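What follows is a single structure, written as structure tokens, with notes after it.
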Amino acid sequence: MRLVRQELEAYLPEGHVIERAPNLFVFPGAERAYGPGVHAADERVFDSDSTHLDGEALPFVAELTSSSTRDGDPTDKVRVYGRASTTKNPAP
């Protein structure tokens with residue numbers, strides 16, 4: 001995850017940061033919060049006291065799966081992330 005972050009940092013728009021887990025994000029219509037392995041957003045998204053951040057504010061997510069997560073990550077998370085990407089990303 002660290003290497004993915006390092007490779008992508010140079011391409012982020014001004015004011016955006018790229019982070020790795022453990023942030024949890026809430027997406028409309030999802031029954032639970034999700035924690036993308038690597039995610040990017042305007043740095044203001046992370047200025048919150050909440051433990052659950054706005055998933056629609058994420059313009060980029062990536063999942064790095066392991067043997068313990070490969071069954072759920074490519075199915076559940078892809079559906080939720082894909083649904084969120086079809087909506088307009090609101091400003092934080």
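Chain identifiers are assigned as A, B, and so on, following the order in which chains appear in the structure tokens; residues are numbered from 1 within each chain, and ligands are numbered from 1 in order of appearance.
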_Within 10 Å of Arg20 (chain A) using only C-alpha atoms, minus same-chain residues under 2 positions, as an MDAnalysis selection string_ = chainID A and resid 1:2 4:5 18 22:23 35:40 61:63
Store the residues of this selection in a file with all heavy atoms, as a tab-separated table (two decimals), in the first residue's frame.
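That gives us again02.tsv:
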```tsv
chain	number	residue	atom	x	y	z
A	1	MET	N	0.82	-1.19	0.00
A	1	MET	CA	0.00	0.00	0.00
A	1	MET	C	0.87	1.26	0.00
A	1	MET	O	0.52	2.23	-0.64
A	1	MET	CB	-0.92	0.00	1.21
A	1	MET	CG	-2.13	-0.87	1.06
A	1	MET	SD	-3.32	-0.57	2.36
A	1	MET	CE	-3.15	-2.06	3.26
A	2	ARG	N	1.97	1.20	0.72
A	2	ARG	CA	2.86	2.36	0.78
A	2	ARG	C	3.41	2.67	-0.60
A	2	ARG	O	3.46	3.84	-1.02
A	2	ARG	CB	3.99	2.09	1.77
A	2	ARG	CG	4.93	3.26	1.94
A	2	ARG	CD	5.99	2.99	3.00
A	2	ARG	NE	6.72	1.74	2.83
A	2	ARG	CZ	7.76	1.58	1.99
A	2	ARG	NH1	8.17	2.57	1.26
A	2	ARG	NH2	8.37	0.42	1.89
A	4	VAL	N	2.08	1.96	-3.57
A	4	VAL	CA	1.00	2.49	-4.42
A	4	VAL	C	0.81	3.97	-4.10
A	4	VAL	O	0.72	4.81	-5.00
A	4	VAL	CB	-0.31	1.71	-4.20
A	4	VAL	CG1	-1.48	2.40	-4.87
A	4	VAL	CG2	-0.17	0.29	-4.71
A	5	ARG	N	0.75	4.29	-2.83
A	5	ARG	CA	0.61	5.69	-2.41
A	5	ARG	C	1.74	6.56	-2.96
A	5	ARG	O	1.50	7.63	-3.51
A	5	ARG	CB	0.63	5.76	-0.88
A	5	ARG	CG	-0.63	6.27	-0.29
A	5	ARG	CD	-0.55	6.37	1.21
A	5	ARG	NE	0.17	7.57	1.57
A	5	ARG	CZ	0.90	7.70	2.66
A	5	ARG	NH1	1.04	6.73	3.51
A	5	ARG	NH2	1.49	8.83	2.92
A	18	ILE	N	-3.51	11.35	-0.48
A	18	ILE	CA	-3.77	9.93	-0.66
A	18	ILE	C	-3.40	9.24	0.64
A	18	ILE	O	-2.35	9.50	1.22
A	18	ILE	CB	-3.02	9.35	-1.88
A	18	ILE	CG1	-3.50	7.95	-2.18
A	18	ILE	CG2	-1.53	9.43	-1.71
A	18	ILE	CD1	-3.18	7.48	-3.59
A	22	PRO	N	-6.73	3.18	7.96
A	22	PRO	CA	-7.93	2.55	8.46
A	22	PRO	C	-9.20	3.41	8.37
A	22	PRO	O	-10.14	3.15	9.11
A	22	PRO	CB	-7.59	2.30	9.92
A	22	PRO	CG	-6.83	3.52	10.31
A	22	PRO	CD	-6.05	3.88	9.05
A	23	ASN	N	-9.27	4.41	7.52
A	23	ASN	CA	-10.48	5.24	7.46
A	23	ASN	C	-11.68	4.43	6.98
A	23	ASN	O	-11.57	3.61	6.08
A	23	ASN	CB	-10.27	6.44	6.53
A	23	ASN	CG	-9.23	7.38	7.07
A	23	ASN	OD1	-9.29	7.78	8.22
A	23	ASN	ND2	-8.27	7.74	6.25
A	35	GLY	N	-13.75	0.39	4.27
A	35	GLY	CA	-12.42	0.98	4.40
A	35	GLY	C	-11.55	0.60	3.23
A	35	GLY	O	-10.96	-0.48	3.23
A	36	PRO	N	-11.49	1.45	2.19
A	36	PRO	CA	-10.63	1.13	1.04
A	36	PRO	C	-9.17	1.01	1.48
A	36	PRO	O	-8.71	1.72	2.36
A	36	PRO	CB	-10.79	2.34	0.12
A	36	PRO	CG	-11.98	3.08	0.61
A	36	PRO	CD	-12.14	2.74	2.05
A	37	GLY	N	-8.45	0.12	0.83
A	37	GLY	CA	-7.04	-0.06	1.14
A	37	GLY	C	-6.24	1.21	0.92
A	37	GLY	O	-5.43	1.61	1.75
A	38	VAL	N	-6.47	1.87	-0.20
A	38	VAL	CA	-5.84	3.15	-0.55
A	38	VAL	C	-6.93	4.04	-1.09
A	38	VAL	O	-7.78	3.59	-1.86
A	38	VAL	CB	-4.72	2.96	-1.60
A	38	VAL	CG1	-4.12	4.30	-2.00
A	38	VAL	CG2	-3.63	2.03	-1.09
A	39	HIS	N	-6.94	5.30	-0.69
A	39	HIS	CA	-7.98	6.22	-1.14
A	39	HIS	C	-7.44	7.64	-1.20
A	39	HIS	O	-6.53	7.99	-0.46
A	39	HIS	CB	-9.20	6.15	-0.23
A	39	HIS	CG	-8.85	6.21	1.23
A	39	HIS	ND1	-8.46	5.11	1.93
A	39	HIS	CD2	-8.82	7.24	2.08
A	39	HIS	CE1	-8.21	5.44	3.18
A	39	HIS	NE2	-8.41	6.74	3.30
A	40	ALA	N	-7.99	8.44	-2.12
A	40	ALA	CA	-7.58	9.83	-2.27
A	40	ALA	C	-8.82	10.71	-2.19
A	40	ALA	O	-9.91	10.31	-2.60
A	40	ALA	CB	-6.89	10.05	-3.61
A	61	VAL	N	-10.29	5.13	-5.23
A	61	VAL	CA	-10.10	4.06	-4.24
A	61	VAL	C	-9.38	2.90	-4.91
A	61	VAL	O	-9.49	2.70	-6.11
A	61	VAL	CB	-11.44	3.55	-3.63
A	61	VAL	CG1	-12.15	4.63	-2.87
A	61	VAL	CG2	-12.33	2.95	-4.68
A	62	ALA	N	-8.63	2.17	-4.12
A	62	ALA	CA	-7.97	0.96	-4.61
A	62	ALA	C	-8.00	-0.07	-3.48
A	62	ALA	O	-7.86	0.28	-2.32
A	62	ALA	CB	-6.53	1.24	-5.00
A	63	GLU	N	-8.19	-1.30	-3.86
A	63	GLU	CA	-8.19	-2.39	-2.90
A	63	GLU	C	-7.01	-3.30	-3.19
A	63	GLU	O	-6.77	-3.67	-4.34
A	63	GLU	CB	-9.48	-3.20	-2.99
A	63	GLU	CG	-10.68	-2.53	-2.41
A	63	GLU	CD	-10.57	-2.22	-0.93
A	63	GLU	OE1	-9.77	-2.87	-0.21
A	63	GLU	OE2	-11.28	-1.32	-0.49
```
_Expected answer as a count of residues only: helix (DSSP H, G or I) residues in region 12-71 of chain A_ = 7
_Measuring between only C-alpha atoms, which one of A:Ser50, A:Ala41, A:Thr65, A:Ala57 shows the shortest distance to Pro13 (chain A)?_
A:Ala41
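Take CA of Ser66 (chain A) and CA of Ala10 (chain A): the distance between them is 26.6 Å.
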_region 49-86 of chain A: residues DSSP assigns to strand (DSSP E or B), reported as a PyMOL selection string_ = chain A and resi 52-54+60-62
Would you export the selected residues with N, CA and C atoms as an mmCIF file, in the first residue's frame, please?
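To be explicit, this is the file written out as out_20.cif:
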```
data_model
loop_
_atom_site.group_PDB
_atom_site.id
_atom_site.type_symbol
_atom_site.label_atom_id
_atom_site.label_comp_id
_atom_site.auth_asym_id
_atom_site.auth_seq_id
_atom_site.Cartn_x
_atom_site.Cartn_y
_atom_site.Cartn_z
ATOM 1 N N HIS A 52 -16.755 7.881 10.615
ATOM 2 C CA HIS A 52 -17.280 7.463 9.308
ATOM 3 C C HIS A 52 -17.336 8.678 8.394
ATOM 4 N N LEU A 53 -16.530 8.667 7.357
ATOM 5 C CA LEU A 53 -16.408 9.795 6.439
ATOM 6 C C LEU A 53 -17.290 9.582 5.213
ATOM 7 N N ASP A 54 -17.473 10.655 4.428
ATOM 8 C CA ASP A 54 -18.329 10.638 3.248
ATOM 9 C C ASP A 54 -17.679 9.888 2.094
ATOM 10 N N PHE A 60 -10.981 8.513 -5.820
ATOM 11 C CA PHE A 60 -10.113 7.373 -6.119
ATOM 12 C C PHE A 60 -10.102 6.408 -4.939
ATOM 13 N N VAL A 61 -10.286 5.130 -5.226
ATOM 14 C CA VAL A 61 -10.104 4.061 -4.239
ATOM 15 C C VAL A 61 -9.378 2.902 -4.907
ATOM 16 N N ALA A 62 -8.626 2.167 -4.122
ATOM 17 C CA ALA A 62 -7.966 0.955 -4.606
ATOM 18 C C ALA A 62 -8.000 -0.068 -3.484
#
```
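Relative to CA of Val17 (chain A), CA of Glu56 (chain A) is found at 15.5 Å.
Using only C-alpha atoms, the nearest neighbour of Phe46 (chain A) within the list A:Arg70, A:Asp76, A:Ala33, A:Gly15 is A:Gly15.
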